[in-house]
Amino acid sequence: MSLPRLSDARAPLTHEVEVLDERGRRSTIAIPAERPLTVYVDKRELVTLMTLGGAPEALTLGYLRNQRLVQALADIVSVQVDWSVDAVAVLTRSGIADVEARTSKKVVTTGCGQGSVFGGLMDDIDRIVLPPHARLAQSTVYRIVDTIRTQQSIYKQAGSVHGCALFSNAGELLYFVEDVGRHNAVDAVAGRMWLDGVAGGDKVFYTTGRLTSEMVIKGAQMGIPFLLSRSGTTQMGHMVAGKIGMALLARCSGKHFLLLTGHERLDFEPLAP
């Protein structure tokens, strides 16, 4: 399979600003960058994403994949990012069928940066089948949480961003992406998985943000049976995860977590003294 031609657009991920503290003392701190990225597909303007800009090509691919606008990577000829005009041009081989109708209904989702999805949130959920026998060891949950805790990140340097990561079933870190919104970070991970031909059936997804319905649906579309978060979940996120048999673990910190759905997927182990 031929991969799309990708630009390798680079942009500063942080920006230095001058501040005064409570005593009037002057100093310089780093804050996360935030910039618009307008997506054009076959010269048609589709959406503007507010992003950190760390992985714009993967973000664009993951967005198109998770919006179900492009079914196969082979359908995309190129993805070219140009930060001088804050835009990305996507060229497909034969266009997007019924693009006007498919993008006419937009749902604004919860979360920083306000994500959006095209069409009904529950579209195609009933057709998603996660691997029924996928299981995760309790010790692997702890390994993942500890890996995230020690991961070098923009958040530790400047704060104000969300991180998403993909792990193997043994707890090996495969991808780590940060962005101003968790929906962008999960799309960028999806894009990298697509480019590398990585399947999700034996993977674990971690996010620093809430496990909303959007996050659960995107995880399901990526075929991932385990979603972890250091934050909580929403009622609809919980409902969708239960419906599709996904293991949802919230409030993951240290040795603590709350297993909300998919109880049969977690192998509990004796806690060390």
# chains A, B, ... in the order shown; residues from 1 in each chain; ligands from 1
>>> residues_around(residues="region 8-21 of chain A", least_positions_apart="2", cutoff="6 Å", atoms="only C-alpha atoms", output="list of chain:residue names")
A:Arg23, A:Gly24, A:Arg25, A:Arg26, A:Ser27, A:Thr28, A:Ile29, A:Ala30, A:Ile31, A:Pro32, A:Ala33, A:Val81
>>> write_last_selection(atoms="N, CA, C and O atoms", output="PDB file, in the first residue's frame")
ATOM      1  N   ARG A  23       4.082  39.712  44.104  1.00  0.00           N
ATOM      2  CA  ARG A  23       4.923  40.742  44.717  1.00  0.00           C
ATOM      3  C   ARG A  23       5.447  41.734  43.684  1.00  0.00           C
ATOM      4  O   ARG A  23       6.308  42.562  43.989  1.00  0.00           O
ATOM      5  N   GLY A  24       4.945  41.628  42.486  1.00  0.00           N
ATOM      6  CA  GLY A  24       5.381  42.541  41.437  1.00  0.00           C
ATOM      7  C   GLY A  24       6.698  42.167  40.808  1.00  0.00           C
ATOM      8  O   GLY A  24       7.277  42.970  40.069  1.00  0.00           O
ATOM      9  N   ARG A  25       7.187  40.966  41.074  1.00  0.00           N
ATOM     10  CA  ARG A  25       8.465  40.531  40.517  1.00  0.00           C
ATOM     11  C   ARG A  25       8.274  40.063  39.079  1.00  0.00           C
ATOM     12  O   ARG A  25       7.334  39.342  38.768  1.00  0.00           O
ATOM     13  N   ARG A  26       9.181  40.464  38.221  1.00  0.00           N
ATOM     14  CA  ARG A  26       9.083  40.182  36.799  1.00  0.00           C
ATOM     15  C   ARG A  26       9.849  38.895  36.456  1.00  0.00           C
ATOM     16  O   ARG A  26      10.964  38.666  36.942  1.00  0.00           O
ATOM     17  N   SER A  27       9.249  38.064  35.627  1.00  0.00           N
ATOM     18  CA  SER A  27       9.922  36.850  35.171  1.00  0.00           C
ATOM     19  C   SER A  27       9.348  36.435  33.815  1.00  0.00           C
ATOM     20  O   SER A  27       8.358  37.003  33.345  1.00  0.00           O
ATOM     21  N   THR A  28       9.974  35.454  33.213  1.00  0.00           N
ATOM     22  CA  THR A  28       9.517  34.933  31.928  1.00  0.00           C
ATOM     23  C   THR A  28       9.126  33.478  32.100  1.00  0.00           C
ATOM     24  O   THR A  28       9.853  32.689  32.704  1.00  0.00           O
ATOM     25  N   ILE A  29       7.962  33.115  31.570  1.00  0.00           N
ATOM     26  CA  ILE A  29       7.490  31.735  31.633  1.00  0.00           C
ATOM     27  C   ILE A  29       7.127  31.259  30.236  1.00  0.00           C
ATOM     28  O   ILE A  29       6.923  32.063  29.320  1.00  0.00           O
ATOM     29  N   ALA A  30       7.049  29.947  30.088  1.00  0.00           N
ATOM     30  CA  ALA A  30       6.621  29.351  28.823  1.00  0.00           C
ATOM     31  C   ALA A  30       5.152  28.971  28.917  1.00  0.00           C
ATOM     32  O   ALA A  30       4.702  28.432  29.929  1.00  0.00           O
ATOM     33  N   ILE A  31       4.401  29.293  27.874  1.00  0.00           N
ATOM     34  CA  ILE A  31       3.010  28.865  27.773  1.00  0.00           C
ATOM     35  C   ILE A  31       2.848  28.074  26.483  1.00  0.00           C
ATOM     36  O   ILE A  31       3.618  28.253  25.536  1.00  0.00           O
ATOM     37  N   PRO A  32       1.867  27.161  26.425  1.00  0.00           N
ATOM     38  CA  PRO A  32       1.704  26.370  25.201  1.00  0.00           C
ATOM     39  C   PRO A  32       1.307  27.245  24.020  1.00  0.00           C
ATOM     40  O   PRO A  32       0.559  28.214  24.159  1.00  0.00           O
ATOM     41  N   ALA A  33       1.818  26.904  22.860  1.00  0.00           N
ATOM     42  CA  ALA A  33       1.381  27.561  21.635  1.00  0.00           C
ATOM     43  C   ALA A  33      -0.048  27.114  21.318  1.00  0.00           C
ATOM     44  O   ALA A  33      -0.473  26.036  21.719  1.00  0.00           O
ATOM     45  N   VAL A  81       1.009  20.557   5.112  1.00  0.00           N
ATOM     46  CA  VAL A  81       0.754  21.627   6.078  1.00  0.00           C
ATOM     47  C   VAL A  81       1.632  22.829   5.739  1.00  0.00           C
ATOM     48  O   VAL A  81       2.830  22.687   5.471  1.00  0.00           O
TER      49      VAL A  81
END
>>> residues_around(residues="region 266-270 of chain A", least_positions_apart="2", cutoff="10 Å", atoms="only C-alpha atoms", output="PDB file with N, CA, C and O atoms, in the first residue's frame")
ATOM      1  N   ALA A 134     -10.061  -9.785  24.933  1.00  0.00           N
ATOM      2  CA  ALA A 134      -8.956  -8.906  25.336  1.00  0.00           C
ATOM      3  C   ALA A 134      -9.026  -8.638  26.835  1.00  0.00           C
ATOM      4  O   ALA A 134     -10.070  -8.260  27.363  1.00  0.00           O
ATOM      5  N   ARG A 135      -7.903  -8.829  27.507  1.00  0.00           N
ATOM      6  CA  ARG A 135      -7.854  -8.624  28.954  1.00  0.00           C
ATOM      7  C   ARG A 135      -6.606  -7.826  29.303  1.00  0.00           C
ATOM      8  O   ARG A 135      -5.630  -7.784  28.551  1.00  0.00           O
ATOM      9  N   LEU A 136      -6.649  -7.200  30.482  1.00  0.00           N
ATOM     10  CA  LEU A 136      -5.557  -6.331  30.934  1.00  0.00           C
ATOM     11  C   LEU A 136      -5.227  -6.664  32.378  1.00  0.00           C
ATOM     12  O   LEU A 136      -6.135  -6.776  33.216  1.00  0.00           O
ATOM     13  N   ALA A 137      -3.937  -6.783  32.681  1.00  0.00           N
ATOM     14  CA  ALA A 137      -3.508  -7.085  34.044  1.00  0.00           C
ATOM     15  C   ALA A 137      -3.499  -5.815  34.896  1.00  0.00           C
ATOM     16  O   ALA A 137      -3.158  -4.730  34.412  1.00  0.00           O
ATOM     17  N   GLN A 138      -3.856  -5.963  36.141  1.00  0.00           N
ATOM     18  CA  GLN A 138      -3.852  -4.834  37.069  1.00  0.00           C
ATOM     19  C   GLN A 138      -2.460  -4.205  37.157  1.00  0.00           C
ATOM     20  O   GLN A 138      -2.320  -2.982  37.201  1.00  0.00           O
ATOM     21  N   SER A 139      -1.424  -5.028  37.154  1.00  0.00           N
ATOM     22  CA  SER A 139      -0.056  -4.506  37.224  1.00  0.00           C
ATOM     23  C   SER A 139       0.286  -3.669  36.002  1.00  0.00           C
ATOM     24  O   SER A 139       1.086  -2.716  36.095  1.00  0.00           O
ATOM     25  N   THR A 140      -0.313  -3.998  34.851  1.00  0.00           N
ATOM     26  CA  THR A 140      -0.071  -3.203  33.648  1.00  0.00           C
ATOM     27  C   THR A 140      -0.695  -1.824  33.779  1.00  0.00           C
ATOM     28  O   THR A 140      -0.127  -0.831  33.304  1.00  0.00           O
ATOM     29  N   VAL A 141      -1.860  -1.742  34.404  1.00  0.00           N
ATOM     30  CA  VAL A 141      -2.475  -0.435  34.666  1.00  0.00           C
ATOM     31  C   VAL A 141      -1.514   0.433  35.465  1.00  0.00           C
ATOM     32  O   VAL A 141      -1.291   1.609  35.141  1.00  0.00           O
ATOM     33  N   PHE A 226      -9.573  -0.842  25.811  1.00  0.00           N
ATOM     34  CA  PHE A 226      -9.267  -0.309  27.140  1.00  0.00           C
ATOM     35  C   PHE A 226      -9.006   1.196  27.064  1.00  0.00           C
ATOM     36  O   PHE A 226      -8.130   1.638  26.312  1.00  0.00           O
ATOM     37  N   ALA A 247     -13.622  -1.558  28.444  1.00  0.00           N
ATOM     38  CA  ALA A 247     -13.199  -1.354  29.826  1.00  0.00           C
ATOM     39  C   ALA A 247     -12.824   0.111  30.020  1.00  0.00           C
ATOM     40  O   ALA A 247     -11.920   0.618  29.366  1.00  0.00           O
ATOM     41  N   LEU A 249     -11.521   2.847  32.711  1.00  0.00           N
ATOM     42  CA  LEU A 249     -10.879   3.032  34.006  1.00  0.00           C
ATOM     43  C   LEU A 249     -10.638   4.523  34.219  1.00  0.00           C
ATOM     44  O   LEU A 249      -9.925   5.164  33.439  1.00  0.00           O
ATOM     45  N   LEU A 259     -12.794   1.123  38.049  1.00  0.00           N
ATOM     46  CA  LEU A 259     -13.199   0.383  36.864  1.00  0.00           C
ATOM     47  C   LEU A 259     -14.709   0.516  36.715  1.00  0.00           C
ATOM     48  O   LEU A 259     -15.478  -0.001  37.522  1.00  0.00           O
ATOM     49  N   THR A 261     -16.714   0.131  33.597  1.00  0.00           N
ATOM     50  CA  THR A 261     -17.375  -0.805  32.681  1.00  0.00           C
ATOM     51  C   THR A 261     -16.364  -1.860  32.254  1.00  0.00           C
ATOM     52  O   THR A 261     -15.158  -1.704  32.452  1.00  0.00           O
ATOM     53  N   GLY A 262     -16.862  -2.938  31.646  1.00  0.00           N
ATOM     54  CA  GLY A 262     -15.968  -3.986  31.171  1.00  0.00           C
ATOM     55  C   GLY A 262     -15.230  -4.686  32.296  1.00  0.00           C
ATOM     56  O   GLY A 262     -14.034  -4.979  32.171  1.00  0.00           O
ATOM     57  N   HIS A 263     -15.924  -4.957  33.399  1.00  0.00           N
ATOM     58  CA  HIS A 263     -15.281  -5.544  34.580  1.00  0.00           C
ATOM     59  C   HIS A 263     -14.569  -6.852  34.265  1.00  0.00           C
ATOM     60  O   HIS A 263     -13.537  -7.170  34.864  1.00  0.00           O
ATOM     61  N   GLU A 264     -15.129  -7.616  33.323  1.00  0.00           N
ATOM     62  CA  GLU A 264     -14.559  -8.922  33.008  1.00  0.00           C
ATOM     63  C   GLU A 264     -13.225  -8.815  32.266  1.00  0.00           C
ATOM     64  O   GLU A 264     -12.494  -9.800  32.143  1.00  0.00           O
ATOM     65  N   ALA A 272       0.692  -5.762  46.319  1.00  0.00           N
ATOM     66  CA  ALA A 272       1.938  -5.921  47.066  1.00  0.00           C
ATOM     67  C   ALA A 272       1.807  -5.227  48.419  1.00  0.00           C
ATOM     68  O   ALA A 272       1.135  -4.216  48.538  1.00  0.00           O
ATOM     69  N   PRO A 273       2.410  -5.767  49.464  1.00  0.00           N
ATOM     70  CA  PRO A 273       2.326  -5.154  50.784  1.00  0.00           C
ATOM     71  C   PRO A 273       2.999  -3.798  50.810  1.00  0.00           C
ATOM     72  O   PRO A 273       3.874  -3.520  50.019  1.00  0.00           O
TER      73      PRO A 273
END
>>> select_by_dssp(residues="region 45-221 of chain A", states="strand (DSSP E)", output="PyMOL selection string")
chain A and resi 45-51+76-82+87-92+106-108+116-118+136-137+162-168+173-179+203-207
>>> atom_distance(atom1="CA of Glu214 (chain A)", atom2="CA of Asn66 (chain A)")
9.9 Å
>>> closest_residue(among="A:Gly197, A:Pro225, A:Pro56, A:Gly171", to="Thr147 (chain A)", atoms="only C-alpha atoms")
A:Gly171
>>> residues_around(residues="region 180-194 of chain A", least_positions_apart="2", cutoff="6 Å", atoms="only C-alpha atoms", output="list in words")
Thr51, Leu52, Ala58, Leu59, Leu61, Gly62, Tyr63, Cys112, Gly113, Val161, His162, Cys164, Val177, Glu178, Asp196, Gly197 and Val198 of chain A
>>> write_last_selection(atoms="C-alpha atoms", output="short mmCIF file (atom, residue, chain, number, x, y, z; two decimals), in the first residue's frame")
data_model
loop_
_atom_site.label_atom_id
_atom_site.label_comp_id
_atom_site.auth_asym_id
_atom_site.auth_seq_id
_atom_site.Cartn_x
_atom_site.Cartn_y
_atom_site.Cartn_z
CA THR A 51 -3.99 23.00 17.88
CA LEU A 52 -0.61 23.02 19.58
CA ALA A 58 -1.18 12.96 11.95
CA LEU A 59 -3.88 15.17 13.48
CA LEU A 61 -5.35 12.10 9.11
CA GLY A 62 -6.81 11.05 12.44
CA TYR A 63 -9.52 13.68 12.19
CA CYS A 112 -11.38 22.45 26.02
CA GLY A 113 -11.04 23.77 22.50
CA VAL A 161 -2.55 20.99 27.48
CA HIS A 162 -3.97 17.48 27.38
CA CYS A 164 -3.04 11.07 25.00
CA VAL A 177 0.80 13.25 21.82
CA GLU A 178 -0.14 16.51 23.53
CA ASP A 196 2.02 2.75 10.82
CA GLY A 197 -0.64 0.09 10.24
CA VAL A 198 -1.10 -0.43 13.99
#
>>> residues_around(residues="Leu130 (chain A)", least_positions_apart="4", cutoff="9 Å", atoms="only C-alpha atoms", output="JSON, numbers by chain")
{"A": [134, 201, 220, 223, 224, 225, 244, 245, 246]}
>>> residues_around(residues="Pro36 (chain A)", least_positions_apart="2", cutoff="6 Å", atoms="only C-alpha atoms", output="list in words")
Leu49, Met50 and Asp86 of chain A
>>> select_by_dssp(residues="region 14-179 of chain A", states="helix (DSSP H, G or I)", output="PyMOL selection string")
chain A and resi 56-66+73-75+99-102+125-127+138-150+154-158
